[in-house]
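*Asks:* Sharing structure-v6.cif below, mmCIF, C-alpha atoms:
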data_my_file
loop_
_atom_site.label_atom_id
_atom_site.label_comp_id
_atom_site.auth_asym_id
_atom_site.auth_seq_id
_atom_site.Cartn_x
_atom_site.Cartn_y
_atom_site.Cartn_z
CA LEU X 1 -103.63 -56.56 -71.38
CA PHE X 2 -100.96 -59.19 -70.84
CA GLY X 3 -101.07 -62.73 -69.51
CA ASP X 4 -99.14 -63.71 -66.41
CA GLN X 5 -95.62 -64.43 -67.68
CA PHE X 6 -94.51 -65.96 -64.37
CA GLY X 7 -97.16 -68.62 -63.82
CA GLY X 8 -99.91 -68.34 -61.26
CA GLY X 9 -102.79 -69.77 -63.27
CA GLY X 10 -102.43 -67.64 -66.40
CA GLN X 11 -105.08 -65.12 -65.36
CA PRO X 12 -105.24 -61.92 -67.46
CA VAL X 13 -103.59 -58.88 -65.96
CA THR X 14 -105.38 -55.54 -66.32
CA ARG X 15 -103.24 -52.42 -66.51
CA GLU X 16 -104.49 -48.89 -66.11
CA ALA X 17 -102.47 -46.04 -67.60
CA GLN X 18 -102.87 -42.38 -68.46
CA SER X 19 -101.75 -40.62 -71.61
CA LEU X 20 -100.80 -36.96 -71.76
CA GLY X 21 -100.62 -34.79 -74.84
CA SER X 22 -101.55 -31.53 -76.50
CA GLY X 23 -103.82 -30.43 -79.31
CA PHE X 24 -105.49 -27.44 -80.91
CA ILE X 25 -109.00 -26.36 -81.88
CA ILE X 26 -109.82 -26.17 -85.60
CA SER X 27 -113.51 -25.18 -85.47
CA PRO X 28 -115.67 -23.06 -83.12
CA ASP X 29 -117.98 -26.03 -82.47
CA GLY X 30 -115.27 -28.09 -80.79
CA TYR X 31 -113.26 -30.15 -83.27
CA ILE X 32 -109.72 -30.73 -81.99
CA VAL X 33 -106.63 -32.20 -83.67
CA THR X 34 -104.01 -34.23 -81.80
CA ASN X 35 -101.75 -37.25 -82.36
CA ASN X 36 -103.11 -40.77 -82.69
CA HIS X 37 -100.60 -42.04 -80.12
CA VAL X 38 -101.95 -39.53 -77.57
CA VAL X 39 -105.35 -41.28 -77.62
CA SER X 40 -103.89 -44.78 -77.93
CA ALA X 41 -101.87 -47.08 -75.73
CA GLY X 42 -98.31 -47.57 -76.90
CA GLN X 43 -95.58 -45.67 -78.71
CA PRO X 44 -95.55 -43.75 -82.02
CA GLY X 45 -94.97 -46.11 -84.93
CA GLN X 46 -96.77 -49.08 -83.39
CA ARG X 47 -99.74 -50.12 -85.51
CA ASN X 48 -101.81 -52.20 -83.06
CA ARG X 49 -102.77 -50.22 -79.99
CA ALA X 50 -105.88 -50.00 -77.86
CA VAL X 51 -107.77 -46.70 -77.71
CA VAL X 52 -107.99 -45.12 -74.27
CA GLU X 53 -111.36 -45.47 -72.58
CA SER X 54 -111.89 -41.85 -71.58
CA ILE X 55 -110.53 -38.60 -73.03
CA THR X 56 -110.60 -35.31 -71.12
CA VAL X 57 -109.78 -32.00 -72.79
CA ILE X 58 -108.63 -29.12 -70.59
CA LEU X 59 -108.69 -25.65 -72.13
CA PRO X 60 -106.33 -22.82 -71.06
CA ASP X 61 -109.08 -21.33 -68.83
CA ARG X 62 -109.15 -24.68 -66.92
CA THR X 63 -112.54 -25.67 -68.35
CA GLU X 64 -112.76 -29.44 -68.73
CA TYR X 65 -114.73 -31.39 -71.33
CA LYS X 66 -115.24 -35.05 -72.01
CA ALA X 67 -114.20 -35.61 -75.61
CA LYS X 68 -115.49 -37.99 -78.26
CA LEU X 69 -113.00 -39.69 -80.57
CA VAL X 70 -114.20 -38.86 -84.09
CA GLY X 71 -111.49 -40.91 -85.81
CA ARG X 72 -107.81 -41.75 -85.83
CA ASP X 73 -105.19 -42.73 -88.40
CA PRO X 74 -102.10 -44.62 -87.16
CA GLN X 75 -100.16 -44.15 -90.41
CA SER X 76 -100.21 -40.36 -90.24
CA ASP X 77 -100.42 -40.32 -86.41
CA ILE X 78 -103.43 -38.00 -86.49
CA ALA X 79 -106.60 -38.16 -84.39
CA VAL X 80 -109.67 -35.93 -84.32
CA LEU X 81 -111.65 -35.24 -81.14
CA LYS X 82 -114.97 -33.46 -80.58
CA ILE X 83 -116.11 -31.64 -77.46
CA ASP X 84 -119.58 -30.25 -76.82
CA ALA X 85 -118.87 -26.53 -76.92
CA LYS X 86 -119.62 -23.43 -78.99
CA ASN X 87 -117.87 -20.23 -80.02
CA LEU X 88 -114.41 -21.54 -79.23
CA PRO X 89 -111.28 -19.69 -80.38
CA VAL X 90 -109.79 -21.35 -83.45
CA ALA X 91 -106.14 -21.71 -84.47
CA ARG X 92 -105.25 -20.12 -87.81
CA LEU X 93 -103.64 -22.49 -90.29
CA ALA X 94 -101.01 -21.88 -92.97
CA SER X 95 -99.64 -24.03 -95.76
CA SER X 96 -96.63 -26.11 -94.73
CA ASP X 97 -95.38 -25.83 -98.33
CA ASP X 98 -94.35 -22.26 -97.49
CA LEU X 99 -92.12 -23.41 -94.63
CA LYS X 100 -88.40 -22.79 -95.17
CA VAL X 101 -85.37 -24.42 -93.56
CA GLY X 102 -83.95 -22.03 -90.96
CA GLU X 103 -87.32 -20.41 -90.29
CA TRP X 104 -88.19 -19.74 -86.64
CA VAL X 105 -91.11 -21.67 -85.16
CA LEU X 106 -92.81 -21.77 -81.76
CA ALA X 107 -94.31 -24.77 -79.97
CA ILE X 108 -97.09 -24.55 -77.40
CA GLY X 109 -97.91 -27.64 -75.39
CA SER X 110 -97.82 -29.46 -72.06
CA PRO X 111 -94.38 -31.06 -71.69
CA PHE X 112 -94.44 -33.34 -68.63
CA GLY X 113 -97.81 -31.78 -67.76
CA PHE X 114 -96.58 -28.17 -67.55
CA GLU X 115 -99.48 -26.64 -69.45
CA ASN X 116 -99.21 -23.82 -71.99
CA THR X 117 -95.42 -24.02 -72.21
CA VAL X 118 -93.86 -22.12 -75.12
CA THR X 119 -90.54 -23.19 -76.68
CA ALA X 120 -88.80 -21.90 -79.78
CA GLY X 121 -86.40 -23.14 -82.43
CA VAL X 122 -85.83 -23.37 -86.17
CA VAL X 123 -86.81 -25.72 -88.97
CA SER X 124 -83.86 -28.08 -89.45
CA ALA X 125 -84.97 -30.04 -92.51
CA LYS X 126 -88.00 -30.91 -94.62
CA GLY X 127 -89.28 -34.17 -96.05
CA ARG X 128 -87.64 -36.51 -93.56
CA THR X 129 -88.40 -40.21 -93.96
CA LEU X 130 -88.29 -42.12 -90.68
CA PRO X 131 -87.67 -45.88 -90.30
CA SER X 132 -91.34 -46.85 -90.11
CA ASP X 133 -94.21 -47.42 -92.51
CA SER X 134 -95.46 -43.87 -92.01
CA LEU X 135 -96.39 -41.97 -95.16
CA VAL X 136 -95.61 -38.60 -93.61
CA PRO X 137 -92.81 -36.37 -95.00
CA PHE X 138 -91.79 -35.15 -91.54
CA ILE X 139 -90.51 -31.68 -90.79
CA GLN X 140 -87.41 -31.81 -88.56
CA THR X 141 -86.93 -29.02 -86.02
CA ASP X 142 -84.69 -28.26 -83.07
CA VAL X 143 -87.59 -26.91 -81.00
CA PRO X 144 -87.37 -28.31 -77.44
CA VAL X 145 -90.30 -30.73 -77.18
CA ASN X 146 -90.79 -33.49 -74.62
CA PRO X 147 -93.43 -36.06 -73.64
CA GLY X 148 -96.70 -34.13 -73.40
CA ASN X 149 -95.93 -31.92 -76.42
CA SER X 150 -97.27 -34.59 -78.78
CA GLY X 151 -100.17 -33.35 -80.89
CA GLY X 152 -99.46 -29.73 -80.07
CA PRO X 153 -99.16 -27.01 -82.71
CA LEU X 154 -95.98 -25.48 -84.09
CA PHE X 155 -96.56 -21.86 -85.12
CA ASN X 156 -94.76 -19.64 -87.60
CA LEU X 157 -94.00 -16.06 -86.56
CA LYS X 158 -97.37 -14.94 -87.97
CA GLY X 159 -99.14 -17.02 -85.35
CA GLU X 160 -100.31 -19.66 -87.84
CA VAL X 161 -100.14 -23.41 -87.25
CA ILE X 162 -97.66 -24.80 -89.74
CA VAL X 163 -96.87 -28.31 -88.41
CA ILE X 164 -97.93 -30.64 -85.57
CA ASN X 165 -95.43 -32.05 -83.07
CA SER X 166 -95.35 -35.83 -83.30
CA MET X 167 -92.15 -37.43 -82.00
CA ILE X 168 -88.54 -36.93 -80.94
CA TYR X 169 -85.32 -38.83 -81.49
CA SER X 170 -83.89 -39.62 -78.08
CA ARG X 171 -81.67 -42.11 -76.29
CA THR X 172 -82.86 -40.94 -72.89
CA GLY X 173 -86.61 -40.37 -73.37
CA GLY X 174 -86.13 -36.60 -73.22
CA TYR X 175 -85.30 -33.92 -75.75
CA MET X 176 -81.94 -34.26 -77.52
CA GLY X 177 -82.24 -31.65 -80.26
CA LEU X 178 -84.14 -33.69 -82.86
CA ALA X 179 -87.90 -33.29 -83.11
CA PHE X 180 -90.20 -34.36 -85.93
CA ALA X 181 -93.52 -32.81 -86.86
CA ILE X 182 -96.36 -33.51 -89.29
CA PRO X 183 -96.94 -30.89 -92.03
CA ILE X 184 -100.31 -29.23 -91.51
CA ASP X 185 -101.30 -29.88 -95.16
CA VAL X 186 -100.86 -33.62 -94.64
CA ALA X 187 -102.65 -33.48 -91.30
CA MET X 188 -105.68 -31.57 -92.59
CA ASN X 189 -106.16 -33.98 -95.49
CA THR X 190 -106.39 -36.74 -92.88
CA VAL X 191 -108.63 -34.63 -90.63
CA THR X 192 -111.11 -33.98 -93.46
CA GLN X 193 -111.43 -37.69 -94.21
CA LEU X 194 -111.81 -38.61 -90.54
CA LYS X 195 -114.55 -36.01 -90.06
CA ASP X 196 -116.41 -37.02 -93.22
CA LYS X 197 -115.97 -40.81 -93.17
CA GLY X 198 -114.39 -41.76 -89.85
CA ARG X 199 -111.44 -43.39 -91.64
CA VAL X 200 -108.72 -42.61 -94.16
CA THR X 201 -108.41 -44.17 -97.63
CA ARG X 202 -105.28 -43.96 -99.78
CA GLY X 203 -104.29 -44.98 -103.28
CA ARG X 204 -101.89 -47.86 -103.74
CA ILE X 205 -99.69 -48.89 -106.63
CA GLY X 206 -98.25 -52.40 -106.98
CA VAL X 207 -99.11 -56.06 -106.90
CA THR X 208 -100.48 -57.93 -103.89
CA ILE X 209 -100.29 -61.72 -103.72
#
Before we go any further, please render this structure as structure tokens.
*Replies:*
Amino acid sequence: LFGDQFGGGGQPVTREAQSLGSGFIISPDGYIVTNNHVVSAGQPGQRNRAVVESITVILPDRTEYKAKLVGRDPQSDIAVLKIDAKNLPVARLASSDDLKVGEWVLAIGSPFGFENTVTAGVVSAKGRTLPSDSLVPFIQTDVPVNPGNSGGPLFNLKGEVIVINSMIYSRTGGYMGLAFAIPIDVAMNTVTQLKDKGRVTRGRIGVTI
């Protein structure tokens, strides 16, 4: 991916890396939602990243599937995958508009590869704008999430997916009490467009020169 910065003929250097994240099933025939940065090389907020070559989905019963990338949207940090399966259990969704500050929420994911880990916390704030060009009104929580939780669901106490874990604020790389999640209403609008058209279109107001 990078040229030789220290001389030696300037030959390209190939780097192999693995990405780890979480996700959840939204249809019995195998559509799965996760974060764009889980299926891309780089960090959340970076626009130009290469897509990983191979995606493997591991279900809680240890069944493994090779997944197809249906589409991804860097601005909302949402990606849609498809596995060849039938009659899968589906996560129930709720409207993120009903979410209230102080409400308890539960995260299920694979922090540092520890699969099916459950952590709990409360909604800290709504409509957060982060210093990037993202169009997402993030939900801030204090739910302990770490690398590997990205793309995983955040449930309300009715067992409904209400937001999707996306990123944390950290000076160490680990959890420091500030986590940010994508409202499920925003995510599903993106998911619908990715499933139907493979890309996301948005309105724009202003003048371009």
*Asks:* What would the selection look like, as a VMD selection string, if the PyMOL selection byres ((chain X and resi 166) around 8) were run on the coordinates I just shared?
*Replies:* chain X and resid 35 77 149 to 151 164 to 165 167 to 168 179 to 182
*Asks:* Out of X:Ile108, X:Ala79, X:Ala94, X:Ile25, which residue has the shortest atom-to-atom distance to Thr192 in chain X when counting only C-alpha atoms?
*Replies:* X:Ala79
*Asks:* Could you state the separation of CA of Ser96 in chain X and CA of Ile139 in chain X in Å, given to one decimal place?
*Replies:*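 CA of Ile139 in chain X lies at a distance of 9.2 Å from CA of Ser96 in chain X.
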*Asks:* Show me the residues around (-108.7, -29.1, -69.1) - criterion: an atom at most 12 Å away, only C-alpha atoms counted - as a list in words.
*Replies:*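 Every polymer residue passing the test: Leu20, Gly21, Ser22, Gly23, Ile55, Thr56, Val57, Ile58, Leu59, Pro60, Asp61, Arg62, Thr63, Glu64, Tyr65, Lys66, Ala67, Ile83, Ser110, Gly113, Glu115 and Asn116 of chain X.
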*Asks:* How about saving the chosen residues, C-alpha atoms kept, as a PDB file, keeping the file's coordinate frame?
*Replies:*
ATOM      1  CA  LEU X  20    -100.800 -36.960 -71.760  1.00  0.00           C
ATOM      2  CA  GLY X  21    -100.620 -34.790 -74.840  1.00  0.00           C
ATOM      3  CA  SER X  22    -101.550 -31.530 -76.500  1.00  0.00           C
ATOM      4  CA  GLY X  23    -103.820 -30.430 -79.310  1.00  0.00           C
ATOM      5  CA  ILE X  55    -110.530 -38.600 -73.030  1.00  0.00           C
ATOM      6  CA  THR X  56    -110.600 -35.310 -71.120  1.00  0.00           C
ATOM      7  CA  VAL X  57    -109.780 -32.000 -72.790  1.00  0.00           C
ATOM      8  CA  ILE X  58    -108.630 -29.120 -70.590  1.00  0.00           C
ATOM      9  CA  LEU X  59    -108.690 -25.650 -72.130  1.00  0.00           C
ATOM     10  CA  PRO X  60    -106.330 -22.820 -71.060  1.00  0.00           C
ATOM     11  CA  ASP X  61    -109.080 -21.330 -68.830  1.00  0.00           C
ATOM     12  CA  ARG X  62    -109.150 -24.680 -66.920  1.00  0.00           C
ATOM     13  CA  THR X  63    -112.540 -25.670 -68.350  1.00  0.00           C
ATOM     14  CA  GLU X  64    -112.760 -29.440 -68.730  1.00  0.00           C
ATOM     15  CA  TYR X  65    -114.730 -31.390 -71.330  1.00  0.00           C
ATOM     16  CA  LYS X  66    -115.240 -35.050 -72.010  1.00  0.00           C
ATOM     17  CA  ALA X  67    -114.200 -35.610 -75.610  1.00  0.00           C
ATOM     18  CA  ILE X  83    -116.110 -31.640 -77.460  1.00  0.00           C
ATOM     19  CA  SER X 110     -97.820 -29.460 -72.060  1.00  0.00           C
ATOM     20  CA  GLY X 113     -97.810 -31.780 -67.760  1.00  0.00           C
ATOM     21  CA  GLU X 115     -99.480 -26.640 -69.450  1.00  0.00           C
ATOM     22  CA  ASN X 116     -99.210 -23.820 -71.990  1.00  0.00           C
TER      23      ASN X 116
END
*Asks:* Compare X:Ile32, X:Leu178, X:Val161, X:Leu106 by their minimum atom-to-atom distance to Val80 in chain X, counting all atoms listed in the file, and give me the closest one.
*Replies:*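 Once distances to Val80 in chain X are computed over all atoms listed in the file, the minimum belongs to X:Ile32.
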*Asks:* For CA of Met176 in chain X and CA of Ala125 in chain X, determine how far apart the two atoms are, in Å to one decimal place.
*Replies:*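 For CA of Met176 in chain X relative to CA of Ala125 in chain X, the distance reads 15.9 Å.
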*Asks:* So which one's closest to Ser95 in chain X, X:Asp73, X:Asp29, X:Asp185, X:Asp142? Using only C-alpha atoms, please.
*Replies:* X:Asp185
*Asks:* With all atoms listed in the file as the counted atoms, please give the residues lying no more than 9 Å from Trp104 in chain X, apart from itself and same-chain residues fewer than 2 positions off, as a VMD selection string.
*Replies:* chain X and resid 101 to 102 106 120 to 123 155 to 157
*Asks:* Name all residues at most 8 Å from Gly177 in chain X (count only C-alpha atoms; drop same-chain ones fewer than 3 positions away) and give them as an NGL selection string.
*Replies:* :X and (141-144 or 169)
*Asks:* Given the file above and the PyMOL selection byres ((chain X and resi 90) around 9), which residues are selected, and can you give them as a list of chain:residue names?
*Replies:* X:Phe24, X:Ile25, X:Ile26, X:Ser27, X:Pro28, X:Asn87, X:Leu88, X:Pro89, X:Ala91, X:Arg92
*Asks:* Tell me which of X:Ala187, X:Ile78, X:Arg72, X:Ser19 sits closest to Glu53 in chain X, counting all atoms listed in the file.
*Replies:* X:Ser19
